[in-house]
file protein.cif (mmCIF, C-alpha atoms)
data_model
#
loop_
_atom_site.group_PDB
_atom_site.id
_atom_site.type_symbol
_atom_site.label_atom_id
_atom_site.label_comp_id
_atom_site.auth_asym_id
_atom_site.auth_seq_id
_atom_site.Cartn_x
_atom_site.Cartn_y
_atom_site.Cartn_z
ATOM 1 C CA MET A 2 137.961 47.604 104.956
ATOM 2 C CA SER A 3 135.483 47.211 102.100
ATOM 3 C CA PRO A 4 131.809 48.144 102.610
ATOM 4 C CA LEU A 5 130.837 44.501 102.054
ATOM 5 C CA VAL A 6 133.156 43.288 104.804
ATOM 6 C CA GLN A 7 131.891 46.009 107.142
ATOM 7 C CA LEU A 8 128.290 45.045 106.446
ATOM 8 C CA GLY A 9 129.045 41.412 107.232
ATOM 9 C CA ALA A 10 130.753 42.386 110.467
ATOM 10 C CA TYR A 11 127.811 44.521 111.561
ATOM 11 C CA ALA A 12 125.312 41.768 110.785
ATOM 12 C CA ALA A 13 127.358 39.183 112.695
ATOM 13 C CA ALA A 14 127.702 41.554 115.637
ATOM 14 C CA ASP A 15 123.973 42.234 115.826
ATOM 15 C CA LEU A 16 123.211 38.505 115.694
ATOM 16 C CA ALA A 17 125.787 37.702 118.377
ATOM 17 C CA PHE A 18 124.577 40.491 120.605
ATOM 18 C CA GLY A 19 120.951 39.453 120.205
ATOM 19 C CA LEU A 20 121.678 35.849 121.110
ATOM 20 C CA GLY A 21 123.749 36.985 124.070
ATOM 21 C CA LEU A 22 120.983 39.254 125.323
ATOM 22 C CA LEU A 23 118.386 36.524 125.127
ATOM 23 C CA ARG A 24 120.652 33.991 126.798
ATOM 24 C CA LEU A 25 122.412 36.110 129.398
ATOM 25 C CA GLY A 26 120.063 39.016 130.017
ATOM 26 C CA SER A 27 120.473 42.727 129.308
ATOM 27 C CA GLY A 28 122.799 43.391 132.259
ATOM 28 C CA MET A 29 125.414 40.864 131.159
ATOM 29 C CA ALA A 30 125.077 41.901 127.527
ATOM 30 C CA LYS A 31 125.653 45.502 128.490
ATOM 31 C CA ARG A 32 128.825 44.594 130.409
ATOM 32 C CA LEU A 33 130.101 42.696 127.374
ATOM 33 C CA SER A 34 129.178 45.411 124.881
ATOM 34 C CA GLY A 35 132.659 46.962 124.956
ATOM 35 C CA LEU A 36 133.995 43.730 123.451
ATOM 36 C CA SER A 37 131.344 43.465 120.757
ATOM 37 C CA LEU A 38 132.227 42.855 117.159
ATOM 38 C CA THR A 39 130.363 46.001 116.168
ATOM 39 C CA VAL A 40 132.668 48.190 118.231
ATOM 40 C CA LEU A 41 135.698 46.348 116.863
ATOM 41 C CA ALA A 42 134.482 46.715 113.276
ATOM 42 C CA LEU A 43 133.860 50.429 113.718
ATOM 43 C CA ARG A 44 137.309 50.978 115.185
ATOM 44 C CA LEU A 45 138.972 49.026 112.391
ATOM 45 C CA ALA A 46 137.001 50.958 109.792
ATOM 46 C CA ARG A 47 138.129 54.263 111.271
ATOM 47 C CA LEU A 48 141.745 53.129 111.318
ATOM 48 C CA ALA A 49 141.626 51.774 107.782
ATOM 49 C CA GLY A 50 141.123 55.037 105.942
ATOM 50 C CA PRO A 51 142.247 58.645 106.203
ATOM 51 C CA ALA A 52 140.076 61.197 107.965
ATOM 52 C CA ARG A 53 137.666 62.891 105.582
ATOM 53 C CA PRO A 54 136.273 66.394 105.853
ATOM 54 C CA SER A 55 132.752 66.656 107.213
ATOM 55 C CA VAL A 56 130.059 66.877 104.564
ATOM 56 C CA LEU A 57 128.492 69.528 106.800
ATOM 57 C CA LYS A 58 131.327 71.983 106.252
ATOM 58 C CA GLY A 59 129.853 75.320 105.216
ATOM 59 C CA ARG A 60 126.284 74.033 105.510
ATOM 60 C CA THR A 61 123.649 76.104 107.332
ATOM 61 C CA ILE A 62 121.879 74.175 110.087
ATOM 62 C CA ALA A 63 119.112 75.320 112.441
ATOM 63 C CA VAL A 64 118.977 73.806 115.921
ATOM 64 C CA PHE A 65 115.642 74.054 117.749
ATOM 65 C CA GLY A 66 116.195 73.924 121.509
ATOM 66 C CA ALA A 67 119.731 75.272 121.194
ATOM 67 C CA SER A 68 119.734 76.799 124.682
ATOM 68 C CA GLY A 69 119.351 73.462 126.502
ATOM 69 C CA GLY A 70 122.178 71.242 127.716
ATOM 70 C CA LEU A 71 121.956 68.938 124.719
ATOM 71 C CA GLY A 72 121.411 71.914 122.423
ATOM 72 C CA SER A 73 124.661 73.506 123.563
ATOM 73 C CA ALA A 74 126.508 70.251 122.869
ATOM 74 C CA MET A 75 124.891 70.114 119.420
ATOM 75 C CA VAL A 76 125.970 73.662 118.594
ATOM 76 C CA GLU A 77 129.532 72.860 119.661
ATOM 77 C CA GLU A 78 129.669 69.639 117.618
ATOM 78 C CA LEU A 79 128.328 71.378 114.513
ATOM 79 C CA ARG A 80 130.891 74.146 114.881
ATOM 80 C CA ARG A 81 133.594 71.494 115.189
ATOM 81 C CA ARG A 82 132.497 70.222 111.776
ATOM 82 C CA ASP A 83 132.601 73.759 110.341
ATOM 83 C CA ALA A 84 128.844 74.122 109.910
ATOM 84 C CA ALA A 85 127.081 77.493 110.155
ATOM 85 C CA VAL A 86 124.634 77.231 113.068
ATOM 86 C CA VAL A 87 121.375 79.119 113.490
ATOM 87 C CA SER A 88 120.079 78.711 117.036
ATOM 88 C CA VAL A 89 116.322 78.526 117.560
ATOM 89 C CA VAL A 90 115.227 79.250 121.123
ATOM 90 C CA ARG A 91 111.872 79.489 122.852
ATOM 91 C CA ARG A 92 112.505 82.765 124.682
ATOM 92 C CA PRO A 93 114.191 85.934 123.359
ATOM 93 C CA GLY A 94 117.717 86.306 124.686
ATOM 94 C CA ALA A 95 118.044 82.676 125.807
ATOM 95 C CA ALA A 96 121.687 81.831 126.391
ATOM 96 C CA VAL A 97 123.415 79.621 123.849
ATOM 97 C CA HIS A 98 126.859 78.030 124.048
ATOM 98 C CA PRO A 99 129.431 80.834 123.551
ATOM 99 C CA GLY A 100 130.906 81.220 120.102
ATOM 100 C CA PRO A 101 129.940 82.520 116.661
ATOM 101 C CA LEU A 102 126.469 81.833 115.297
ATOM 102 C CA ALA A 103 124.996 82.335 111.851
ATOM 103 C CA GLY A 104 121.904 83.739 113.547
ATOM 104 C CA GLN A 105 119.411 83.314 116.371
ATOM 105 C CA VAL A 106 115.632 83.102 115.992
ATOM 106 C CA THR A 107 112.891 82.838 118.611
ATOM 107 C CA ILE A 108 110.160 80.241 117.994
ATOM 108 C CA ASP A 109 107.650 79.006 120.577
ATOM 109 C CA LEU A 110 106.258 75.670 119.384
ATOM 110 C CA GLU A 111 103.132 76.196 121.499
ATOM 111 C CA ARG A 112 102.096 79.189 119.380
ATOM 112 C CA ALA A 113 101.245 78.838 115.688
ATOM 113 C CA GLU A 114 101.878 82.538 115.004
ATOM 114 C CA SER A 115 105.356 82.281 116.557
ATOM 115 C CA ILE A 116 106.131 79.328 114.273
ATOM 116 C CA GLU A 117 104.971 81.259 111.194
ATOM 117 C CA GLU A 118 106.987 84.381 112.060
ATOM 118 C CA GLY A 119 110.078 82.511 113.239
ATOM 119 C CA VAL A 120 110.407 80.176 110.262
ATOM 120 C CA ALA A 121 109.959 83.153 107.929
ATOM 121 C CA ALA A 122 112.984 84.769 109.622
ATOM 122 C CA LEU A 123 115.247 81.770 109.020
ATOM 123 C CA PRO A 124 117.717 81.685 106.117
ATOM 124 C CA ASP A 125 117.732 78.887 103.559
ATOM 125 C CA LEU A 126 118.917 75.756 105.348
ATOM 126 C CA ASP A 127 120.677 72.479 104.667
ATOM 127 C CA ALA A 128 119.455 70.755 107.836
ATOM 128 C CA VAL A 129 117.201 71.262 110.840
ATOM 129 C CA VAL A 130 117.389 69.524 114.228
ATOM 130 C CA PHE A 131 114.510 69.494 116.723
ATOM 131 C CA LEU A 132 115.754 69.010 120.305
ATOM 132 C CA THR A 133 112.423 70.060 121.765
ATOM 133 C CA GLY A 134 109.887 68.182 123.844
ATOM 134 C CA ILE A 135 108.606 67.436 127.321
ATOM 135 C CA ASP A 136 108.092 64.158 129.146
ATOM 136 C CA VAL A 137 105.225 63.455 131.559
ATOM 137 C CA ARG A 138 105.916 60.301 133.550
ATOM 138 C CA LYS A 139 103.014 59.137 135.722
ATOM 139 C CA PRO A 140 99.749 57.157 135.542
ATOM 140 C CA LEU A 141 97.402 58.346 132.823
ATOM 141 C CA THR A 142 94.636 58.962 135.376
ATOM 142 C CA ASP A 143 96.876 61.557 137.051
ATOM 143 C CA HIS A 144 97.250 63.602 133.852
ATOM 144 C CA SER A 145 95.210 66.788 133.660
ATOM 145 C CA GLU A 146 93.550 67.768 130.385
ATOM 146 C CA ASP A 147 95.763 70.857 130.165
ATOM 147 C CA GLU A 148 98.850 68.726 130.725
ATOM 148 C CA ILE A 149 97.934 66.350 127.904
ATOM 149 C CA SER A 150 97.081 69.214 125.559
ATOM 150 C CA ARG A 151 100.369 70.984 126.254
ATOM 151 C CA LEU A 152 102.374 67.786 125.789
ATOM 152 C CA LEU A 153 100.740 67.118 122.412
ATOM 153 C CA ARG A 154 101.268 70.715 121.275
ATOM 154 C CA ILE A 155 104.969 70.743 122.134
ATOM 155 C CA ASN A 156 105.845 67.164 121.167
ATOM 156 C CA LEU A 157 103.650 66.646 118.107
ATOM 157 C CA GLU A 158 101.549 69.541 116.814
ATOM 158 C CA GLY A 159 104.272 72.204 117.057
ATOM 159 C CA PRO A 160 106.969 70.155 115.282
ATOM 160 C CA ILE A 161 104.472 69.193 112.537
ATOM 161 C CA LEU A 162 103.480 72.830 111.971
ATOM 162 C CA ALA A 163 107.121 73.930 111.951
ATOM 163 C CA THR A 164 108.127 71.150 109.563
ATOM 164 C CA ARG A 165 105.319 72.123 107.194
ATOM 165 C CA ARG A 166 106.845 75.605 106.878
ATOM 166 C CA LEU A 167 110.461 74.430 106.897
ATOM 167 C CA ILE A 168 110.051 72.264 103.800
ATOM 168 C CA ASP A 169 110.278 75.396 101.654
ATOM 169 C CA ARG A 170 113.370 76.632 103.528
ATOM 170 C CA VAL A 171 115.420 73.401 103.310
ATOM 171 C CA ARG A 172 117.470 72.812 100.178
ATOM 172 C CA ASP A 173 117.308 69.543 98.279
ATOM 173 C CA GLY A 174 119.809 67.099 99.724
ATOM 174 C CA GLY A 175 118.896 68.296 103.209
ATOM 175 C CA VAL A 176 117.459 66.653 106.299
ATOM 176 C CA ILE A 177 114.926 67.598 108.961
ATOM 177 C CA ALA A 178 115.725 65.575 112.087
ATOM 178 C CA HIS A 179 113.259 65.065 114.929
ATOM 179 C CA VAL A 180 115.011 63.767 118.036
ATOM 180 C CA GLY A 181 112.562 61.526 119.826
ATOM 181 C CA GLY A 182 111.921 58.902 122.422
ATOM 182 C CA PHE A 183 113.442 55.746 123.815
ATOM 183 C CA ALA A 184 114.175 52.910 121.347
ATOM 184 C CA ASP A 185 112.291 53.723 118.112
ATOM 185 C CA GLY A 186 109.812 56.202 119.587
ATOM 186 C CA ARG A 187 107.064 53.594 119.322
ATOM 187 C CA LEU A 188 108.091 51.463 122.317
ATOM 188 C CA ALA A 189 105.061 51.693 124.621
ATOM 189 C CA LEU A 190 106.532 52.041 128.089
ATOM 190 C CA PRO A 191 104.038 52.180 130.982
ATOM 191 C CA TYR A 192 103.695 55.545 132.765
ATOM 192 C CA TYR A 193 104.676 57.262 129.479
ATOM 193 C CA THR A 194 101.241 56.824 127.902
ATOM 194 C CA ALA A 195 100.523 60.313 126.544
ATOM 195 C CA ASP A 196 104.224 60.887 125.927
ATOM 196 C CA VAL A 197 104.667 57.768 123.804
ATOM 197 C CA ALA A 198 101.520 58.639 121.849
ATOM 198 C CA SER A 199 103.119 61.937 120.848
ATOM 199 C CA ARG A 200 106.521 60.392 120.091
ATOM 200 C CA ALA A 201 105.078 57.529 118.056
ATOM 201 C CA GLY A 202 102.952 60.017 116.134
ATOM 202 C CA LEU A 203 106.018 62.096 115.277
ATOM 203 C CA ALA A 204 107.959 58.990 114.222
ATOM 204 C CA ALA A 205 105.156 57.930 111.857
ATOM 205 C CA PHE A 206 104.788 61.511 110.595
ATOM 206 C CA SER A 207 108.512 61.631 109.730
ATOM 207 C CA GLU A 208 108.306 58.354 107.823
ATOM 208 C CA ALA A 209 105.177 59.372 105.937
ATOM 209 C CA LEU A 210 106.490 62.819 105.011
ATOM 210 C CA THR A 211 109.767 61.422 103.662
ATOM 211 C CA ARG A 212 107.764 59.185 101.322
ATOM 212 C CA GLU A 213 105.524 62.092 100.330
ATOM 213 C CA LEU A 214 108.483 64.340 99.523
ATOM 214 C CA ARG A 215 110.091 61.590 97.445
ATOM 215 C CA LEU A 216 106.909 61.242 95.400
ATOM 216 C CA GLU A 217 106.879 65.024 94.917
ATOM 217 C CA GLY A 218 110.441 64.922 93.567
ATOM 218 C CA ARG A 219 112.049 66.543 96.632
ATOM 219 C CA ASP A 220 115.333 65.170 97.980
ATOM 220 C CA ILE A 221 114.657 65.925 101.655
ATOM 221 C CA VAL A 222 114.745 63.243 104.350
ATOM 222 C CA VAL A 223 112.691 63.696 107.522
ATOM 223 C CA SER A 224 114.592 61.619 110.081
ATOM 224 C CA TYR A 225 113.505 60.307 113.450
ATOM 225 C CA LEU A 226 116.497 59.906 115.768
ATOM 226 C CA CYS A 227 116.408 58.098 119.103
ATOM 227 C CA PRO A 228 119.470 58.693 121.305
ATOM 228 C CA GLU A 229 120.205 57.170 124.677
ATOM 229 C CA PRO A 230 119.307 59.282 127.728
ATOM 230 C CA ALA A 231 121.726 62.192 128.078
ATOM 231 C CA GLU A 232 123.270 63.554 131.254
ATOM 232 C CA THR A 233 121.404 66.870 131.089
ATOM 233 C CA ASP A 234 119.814 68.867 133.901
ATOM 234 C CA ALA A 235 116.339 67.869 132.705
ATOM 235 C CA GLU A 236 117.140 64.143 132.693
ATOM 236 C CA ARG A 237 119.489 63.999 135.690
ATOM 237 C CA PRO A 238 116.769 63.016 138.237
ATOM 238 C CA TYR A 239 116.090 59.855 136.230
ATOM 239 C CA LEU A 240 119.589 58.675 135.336
ATOM 240 C CA ASP A 241 119.810 56.096 138.148
ATOM 241 C CA LEU A 242 116.460 54.700 137.033
ATOM 242 C CA TRP A 243 117.675 54.356 133.437
ATOM 243 C CA ARG A 244 120.828 52.589 134.630
ATOM 244 C CA SER A 245 118.818 50.216 136.821
ATOM 245 C CA MET A 246 116.879 49.195 133.694
ATOM 246 C CA GLY A 247 120.108 48.361 131.855
ATOM 247 C CA THR A 248 119.991 51.482 129.664
ATOM 248 C CA SER A 249 123.227 53.312 128.954
ATOM 249 C CA VAL A 250 123.420 56.976 129.882
ATOM 250 C CA ALA A 251 125.496 59.130 127.543
ATOM 251 C CA ALA A 252 127.290 62.427 127.879
ATOM 252 C CA PRO A 253 125.607 65.228 125.894
ATOM 253 C CA SER A 254 128.659 65.408 123.626
ATOM 254 C CA LYS A 255 128.240 61.731 122.684
ATOM 255 C CA VAL A 256 124.544 62.196 121.936
ATOM 256 C CA ALA A 257 125.404 65.269 119.849
ATOM 257 C CA ARG A 258 127.891 63.233 117.784
ATOM 258 C CA PHE A 259 125.236 60.569 117.218
ATOM 259 C CA ILE A 260 122.799 63.201 115.930
ATOM 260 C CA VAL A 261 125.334 65.051 113.784
ATOM 261 C CA ASP A 262 126.568 61.769 112.262
ATOM 262 C CA ALA A 263 122.943 61.156 111.248
ATOM 263 C CA LEU A 264 122.775 64.559 109.574
ATOM 264 C CA GLU A 265 125.685 63.447 107.409
ATOM 265 C CA THR A 266 124.188 60.062 106.472
ATOM 266 C CA ARG A 267 120.474 61.074 106.359
ATOM 267 C CA PRO A 268 118.793 57.908 107.698
ATOM 268 C CA GLY A 269 115.029 57.645 108.042
ATOM 269 C CA LEU A 270 115.356 56.154 111.533
ATOM 270 C CA ARG A 271 118.389 55.731 113.742
ATOM 271 C CA ILE A 272 118.509 54.292 117.261
ATOM 272 C CA MET A 273 121.462 54.811 119.565
ATOM 273 C CA GLY A 274 122.620 51.781 121.567
ATOM 274 C CA ARG A 275 122.569 48.107 120.612
ATOM 275 C CA ALA A 276 120.274 47.088 123.477
ATOM 276 C CA SER A 277 117.744 49.751 122.481
ATOM 277 C CA ARG A 278 117.896 48.708 118.829
ATOM 278 C CA LEU A 279 117.349 45.080 119.722
ATOM 279 C CA ILE A 280 114.361 45.611 122.004
ATOM 280 C CA ALA A 281 112.798 47.892 119.376
ATOM 281 C CA ARG A 282 113.189 45.149 116.759
ATOM 282 C CA ILE A 283 111.772 42.473 119.047
ATOM 283 C CA ASN A 284 108.848 44.700 120.021
ATOM 284 C CA ALA A 285 108.077 45.436 116.365
ATOM 285 C CA LEU A 286 107.928 41.696 115.628
ATOM 286 C CA SER A 287 106.173 40.563 118.816
ATOM 287 C CA PRO A 288 105.212 42.814 121.746
ATOM 288 C CA SER A 289 104.571 39.742 123.894
ATOM 289 C CA ALA A 290 108.121 38.508 123.268
ATOM 290 C CA ALA A 291 109.443 41.959 124.164
ATOM 291 C CA ASP A 292 107.492 41.757 127.434
ATOM 292 C CA VAL A 293 109.165 38.456 128.299
ATOM 293 C CA VAL A 294 112.667 39.556 127.278
ATOM 294 C CA ALA A 295 112.758 42.968 128.938
ATOM 295 C CA LEU A 296 109.623 45.055 129.237
ATOM 296 C CA ASN A 297 107.965 43.251 132.162
ATOM 297 C CA GLY A 298 111.035 43.898 134.291
ATOM 298 C CA ILE A 299 111.331 47.476 133.053
ATOM 299 C CA GLY A 300 107.647 48.038 133.773
ATOM 300 C CA ARG A 301 108.043 46.966 137.389
ATOM 301 C CA LYS A 302 110.864 49.454 137.868
ATOM 302 C CA LEU A 303 108.814 52.205 136.262
ATOM 303 C CA ARG A 304 105.900 51.403 138.566
ATOM 304 C CA GLU A 305 108.184 51.761 141.576
ATOM 305 C CA ALA A 306 109.297 55.166 140.314
ATOM 306 C CA PHE A 307 106.106 56.641 138.864
ATOM 307 C CA GLY A 308 103.141 54.501 139.964
ATOM 308 C CA ARG A 309 102.220 56.958 142.703
ATOM 309 C CA PRO A 310 99.915 59.986 142.588
ATOM 310 C CA ALA A 311 102.883 62.384 142.608
ATOM 311 C CA GLY A 312 104.146 62.307 139.022
ATOM 312 C CA ARG A 313 106.997 64.304 137.630
ATOM 313 C CA LEU A 314 107.373 66.696 134.730
ATOM 314 C CA SER A 315 110.659 67.385 132.983
ATOM 315 C CA ALA A 316 111.109 69.845 130.165
ATOM 316 C CA GLY A 317 113.708 69.577 127.426
ATOM 317 C CA GLY A 318 115.025 72.115 124.958
#

call {"tool": "encode", "arguments": {"input": "protein.cif", "output": "structure tokens"}}
result
Amino acid sequence: MSPLVQLGAYAAADLAFGLGLLRLGSGMAKRLSGLSLTVLALRLARLAGPARPSVLKGRTIAVFGASGGLGSAMVEELRRRDAAVVSVVRRPGAAVHPGPLAGQVTIDLERAESIEEGVAALPDLDAVVFLTGIDVRKPLTDHSEDEISRLLRINLEGPILATRRLIDRVRDGGVIAHVGGFADGRLALPYYTADVASRAGLAAFSEALTRELRLEGRDIVVSYLCPEPAETDAERPYLDLWRSMGTSVAAPSKVARFIVDALETRPGLRIMGRASRLIARINALSPSAADVVALNGIGRKLREAFGRPAGRLSAGG
């Protein structure tokens, strides 16, 4: 299938899905998603040509948060594509998925000196993936000052400081991928106030830095990747809530493939899931329209779950 035909199929699929979502609602659209033209086009494209070797073969890739459930899936997927993986963990001796590694480095994103020392210990890299971050889900008035400060250090300040140092360790043609929040990272869900501020900041930082590097003559893309919720230990308490809001929940291996595919194609932004992509687009054009289409209903469900004094903290990576 030619690239032009594929592009036409994808555009038609997105239009059809969007009209279906507006007319039928997210639940019906989700049930019909397996029959979508996008899925059909992707399957036909894969059948049309021979399998090609991964462009990541032999490349050296650092994975921050490699000891978590999603991190282990990432390490396994990268090994499957014959990449050399350097695991980056927060605590010395943290367990990583069994198998050969190109190295292991300890970096605590809450400590600037740990970032400086850890990045200096890394080899030259072709790609970096950040699977780090915490989510605080409760009313803003229930956040403590320490809680907000820690969230901003781990989700925003630490990744920015690490990226600043990593630029000189990543070869041209490489990618630094920050794995972020729901939809495009900028979708302002209630009861995620401080969290979305950190995620949106990192999304804008990634976009700005890619433009800066291009102007400086560097061929490095800083990507912001937004997967669907993964079935990890950290996210497991909230999976039923995500499903009740019409959001797909993915196995860690599927999320890992989504991220690794992005390392091969080097997008600036990539969102996993057609429903998430659509609501992000609608919200970018008109937040009030997004409220009517989906976010008012989602907000009511989030209030039922988190609109009480007892909030919840989950750590990732």

call {"tool": "residues_near_point", "arguments": {"input": "protein.cif", "point": "(117.5, 56.0, 116.5)", "cutoff": "8 Å", "atoms": "only C-alpha atoms", "output": "list in words"}}
result
Ala184, Asp185, Tyr225, Leu226, Cys227, Pro228, Leu270, Arg271, Ile272, Met273 and Arg278 of chain A

call {"tool": "write_last_selection", "arguments": {"input": "protein.cif", "atoms": "C-alpha atoms", "output": "short mmCIF file (atom, residue, chain, number, x, y, z; two decimals), in the coordinates of the input"}}
result
data_model
loop_
_atom_site.label_atom_id
_atom_site.label_comp_id
_atom_site.auth_asym_id
_atom_site.auth_seq_id
_atom_site.Cartn_x
_atom_site.Cartn_y
_atom_site.Cartn_z
CA ALA A 184 114.18 52.91 121.35
CA ASP A 185 112.29 53.72 118.11
CA TYR A 225 113.50 60.31 113.45
CA LEU A 226 116.50 59.91 115.77
CA CYS A 227 116.41 58.10 119.10
CA PRO A 228 119.47 58.69 121.30
CA LEU A 270 115.36 56.15 111.53
CA ARG A 271 118.39 55.73 113.74
CA ILE A 272 118.51 54.29 117.26
CA MET A 273 121.46 54.81 119.56
CA ARG A 278 117.90 48.71 118.83
#

call {"tool": "resolve_selection", "arguments": {"input": "protein.cif", "expression": "the PyMOL selection byres ((chain A and resi 266) around 12)", "output": "PyMOL selection string"}}
result
chain A and resi 55-57+128+174-176+178+222+224+259-265+267-271

call {"tool": "closest_atom_pairs", "arguments": {"input": "protein.cif", "of": "segment 164-279 of chain A", "to": "segment 295-298 of chain A", "cutoff": "12 Å", "atoms": "all atoms listed in the file", "output": "tab-separated table"}}
result
residue	atom	partner	partner_atom	distance
A:Leu188	CA	A:Leu296	CA	9.6
A:Ala189	CA	A:Leu296	CA	9.3
A:Leu190	CA	A:Leu296	CA	7.7
A:Pro191	CA	A:Leu296	CA	9.2
A:Ser245	CA	A:Gly298	CA	10.3
A:Met246	CA	A:Gly298	CA	7.9
A:Gly247	CA	A:Ala295	CA	9.6
A:Thr248	CA	A:Ala295	CA	11.2
A:Ala276	CA	A:Ala295	CA	10.2
A:Ser277	CA	A:Ala295	CA	10.6
A:Leu279	CA	A:Ala295	CA	10.5

call {"tool": "atom_distance", "arguments": {"input": "protein.cif", "atom1": "atom CA of Arg151 of chain A", "atom2": "atom CA of Glu114 of chain A"}}
result
16.2 Å

call {"tool": "atom_distance", "arguments": {"input": "protein.cif", "atom1": "atom CA of Arg81 of chain A", "atom2": "atom CA of Thr233 of chain A"}}
result
20.6 Å

call {"tool": "closest_residue", "arguments": {"input": "protein.cif", "among": "A:Glu213, A:Leu153, A:Pro140, A:Ile177", "to": "Leu303 of chain A", "atoms": "all atoms listed in the file"}}
result
A:Pro140

call {"tool": "resolve_selection", "arguments": {"input": "protein.cif", "expression": "the PyMOL selection byres ((chain A and resi 107) around 12)", "output": "ChimeraX atom specification"}}
result
/A:63-68,87-96,104-106,108-110,112,114-123

call {"tool": "write_last_selection", "arguments": {"input": "protein.cif", "atoms": "C-alpha atoms", "output": "CSV table (one decimal), in the frame of the given file"}}
result
chain,number,residue,atom,x,y,z
A,63,ALA,CA,119.1,75.3,112.4
A,64,VAL,CA,119.0,73.8,115.9
A,65,PHE,CA,115.6,74.1,117.7
A,66,GLY,CA,116.2,73.9,121.5
A,67,ALA,CA,119.7,75.3,121.2
A,68,SER,CA,119.7,76.8,124.7
A,87,VAL,CA,121.4,79.1,113.5
A,88,SER,CA,120.1,78.7,117.0
A,89,VAL,CA,116.3,78.5,117.6
A,90,VAL,CA,115.2,79.2,121.1
A,91,ARG,CA,111.9,79.5,122.9
A,92,ARG,CA,112.5,82.8,124.7
A,93,PRO,CA,114.2,85.9,123.4
A,94,GLY,CA,117.7,86.3,124.7
A,95,ALA,CA,118.0,82.7,125.8
A,96,ALA,CA,121.7,81.8,126.4
A,104,GLY,CA,121.9,83.7,113.5
A,105,GLN,CA,119.4,83.3,116.4
A,106,VAL,CA,115.6,83.1,116.0
A,108,ILE,CA,110.2,80.2,118.0
A,109,ASP,CA,107.6,79.0,120.6
A,110,LEU,CA,106.3,75.7,119.4
A,112,ARG,CA,102.1,79.2,119.4
A,114,GLU,CA,101.9,82.5,115.0
A,115,SER,CA,105.4,82.3,116.6
A,116,ILE,CA,106.1,79.3,114.3
A,117,GLU,CA,105.0,81.3,111.2
A,118,GLU,CA,107.0,84.4,112.1
A,119,GLY,CA,110.1,82.5,113.2
A,120,VAL,CA,110.4,80.2,110.3
A,121,ALA,CA,110.0,83.2,107.9
A,122,ALA,CA,113.0,84.8,109.6
A,123,LEU,CA,115.2,81.8,109.0

call {"tool": "closest_residue", "arguments": {"input": "protein.cif", "among": "A:Arg80, A:Ala103, A:Pro124, A:His179", "to": "Glu208 of chain A", "atoms": "only C-alpha atoms"}}
result
A:His179

call {"tool": "closest_residue", "arguments": {"input": "protein.cif", "among": "A:Leu141, A:Val294, A:Ala74, A:Ile283", "to": "Gly308 of chain A", "atoms": "only C-alpha atoms"}}
result
A:Leu141

call {"tool": "residues_around", "arguments": {"input": "protein.cif", "residues": "Ser249 of chain A", "least_positions_apart": "4", "cutoff": "9 Å", "atoms": "only C-alpha atoms", "output": "list in words"}}
result
Lys31, Glu229, Pro230, Trp243, Arg244, Gly274 and Ala276 of chain A

call {"tool": "closest_residue", "arguments": {"input": "protein.cif", "among": "A:Ile168, A:Arg258, A:Thr194, A:Ala163", "to": "Glu217 of chain A", "atoms": "only C-alpha atoms"}}
result
A:Ile168

call {"tool": "resolve_selection", "arguments": {"input": "protein.cif", "expression": "the PyMOL selection byres ((chain A and resi 127) around 6)", "output": "PyMOL selection string"}}
result
chain A and resi 60-62+126+128+171-172+175

call {"tool": "closest_residue", "arguments": {"input": "protein.cif", "among": "A:Gly59, A:Gly72, A:Gly100, A:Gly300", "to": "Val130 of chain A", "atoms": "all atoms listed in the file"}}
result
A:Gly72

call {"tool": "residues_around", "arguments": {"input": "protein.cif", "residues": "Leu162 of chain A", "least_positions_apart": "2", "cutoff": "9 Å", "atoms": "only C-alpha atoms", "output": "list in words"}}
result
Leu110, Ala113, Ile116, Glu117, Leu157, Glu158, Gly159, Pro160, Thr164, Arg165, Arg166 and Leu167 of chain A

call {"tool": "decode", "arguments": {"input": "protein.cif", "residues": "segment 295-302 of chain A", "atoms": "N, CA and C atoms", "output": "PDB file, in the first residue's frame"}}
result
ATOM      1  N   ALA A 295     -17.317  15.201  26.504  1.00  0.00           N
ATOM      2  CA  ALA A 295     -16.815  14.136  27.372  1.00  0.00           C
ATOM      3  C   ALA A 295     -16.435  14.581  28.771  1.00  0.00           C
ATOM      4  N   LEU A 296     -15.848  15.758  28.927  1.00  0.00           N
ATOM      5  CA  LEU A 296     -15.176  16.059  30.181  1.00  0.00           C
ATOM      6  C   LEU A 296     -16.114  16.311  31.348  1.00  0.00           C
ATOM      7  N   ASN A 297     -17.341  16.801  31.095  1.00  0.00           N
ATOM      8  CA  ASN A 297     -18.286  16.958  32.201  1.00  0.00           C
ATOM      9  C   ASN A 297     -18.613  15.612  32.827  1.00  0.00           C
ATOM     10  N   GLY A 298     -18.863  14.621  31.987  1.00  0.00           N
ATOM     11  CA  GLY A 298     -19.145  13.278  32.502  1.00  0.00           C
ATOM     12  C   GLY A 298     -17.951  12.668  33.199  1.00  0.00           C
ATOM     13  N   ILE A 299     -16.761  12.842  32.613  1.00  0.00           N
ATOM     14  CA  ILE A 299     -15.541  12.337  33.240  1.00  0.00           C
ATOM     15  C   ILE A 299     -15.316  13.023  34.585  1.00  0.00           C
ATOM     16  N   GLY A 300     -15.550  14.326  34.630  1.00  0.00           N
ATOM     17  CA  GLY A 300     -15.357  15.067  35.870  1.00  0.00           C
ATOM     18  C   GLY A 300     -16.243  14.562  36.993  1.00  0.00           C
ATOM     19  N   ARG A 301     -17.476  14.207  36.674  1.00  0.00           N
ATOM     20  CA  ARG A 301     -18.369  13.689  37.717  1.00  0.00           C
ATOM     21  C   ARG A 301     -17.848  12.362  38.275  1.00  0.00           C
ATOM     22  N   LYS A 302     -17.325  11.535  37.409  1.00  0.00           N
ATOM     23  CA  LYS A 302     -16.761  10.259  37.877  1.00  0.00           C
ATOM     24  C   LYS A 302     -15.513  10.490  38.727  1.00  0.00           C
TER      25      LYS A 302
END
